[in-house]
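Some notes on the structure that comes next.
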Amino acid sequence: MPSLLDILDLIRAGQWNEAHKLVQQDPSETAAWLHGLLHVQEGDLEDAEYWYGKAGRHFRSRGTLAQELDLLEAHLRGR
C-alpha cells in the first residue's frame with residue numbers, strides 16, 4: 001500500500017479517484033483527514049465533515065483546501 005505522502009502526491013497531481021480508492025484502505029486518523037479533504041475537493045461537504053470528525057479535526061474551522069493539504073503534509077513530515 002502506498003504511504004499517505006504518496007496519496008497526497010496523487011491528490012496534488014489531480015488523480016483524485018485513485019487517491020480516494022487508496023486512502024480508504026488506511027484506518028488511521030490521518031487517513032481520515034485526507035479522506036475528508038478528498039470530499040471537500042468533490043464538494044461533498046457532508047461526507048467531508050464526517051471524515052474530519054473521524055480524524056478528530058474541526059471541520060468548520062478548517063482552512064482552504066490548499067492550506068489543509070499543506071498542513072497535512074507538514075504533519076506527515078513531522079513538522
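Identifiers in this document derive from the order of the C-alpha cells: chains are assigned A, B, ..., residues are numbered from 1 separately in each chain, and ligands are numbered from 1 in order of occurrence.
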
Checklist line | Residues flagged alpha helix (DSSP H) by DSSP in chain A, as a ChimeraX atom specification | finding: /A:4-12,16-23,29-42,45-54,65-76

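The neighbours of range 35-51 of chain A here are the residues that come within 10 Å of it, using only C-alpha atoms and leaving out any residue fewer than 4 positions away in the same chain; they are Leu8, Ile11, Trp16, Asn17, Ala19, His20, Lys21, Leu22, Val23, Gln24, Asp26, Glu29, Thr30, Ala31, Ala55, Gly56, Arg57, His58, Phe59, Arg60, Thr64, Leu65, Ala66, Glu68, Leu69 and Leu72 of chain A.
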
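Among the candidate residues A:Asp9, A:Gly63, A:Ala74, A:Leu4, the one lying nearest to Leu34 in chain A is A:Leu4, with distances computed using only C-alpha atoms.
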
Next item on the list: Counting only C-alpha atoms, figure out which residue out of A:Asp6, A:Leu71, A:Tyr52, A:Leu76 gets nearest to Glu18 in chain A.
Entry: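 Ranking A:Asp6, A:Leu71, A:Tyr52, A:Leu76 by distance to Glu18 in chain A, first place goes to A:Asp6.
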
Next item on the list: Quick one: pull the distance between CA of Arg77 in chain A and CA of Leu5 in chain A, Å, one decimal.
Entry: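 Separation between CA of Arg77 in chain A and CA of Leu5 in chain A: 8.5 Å.
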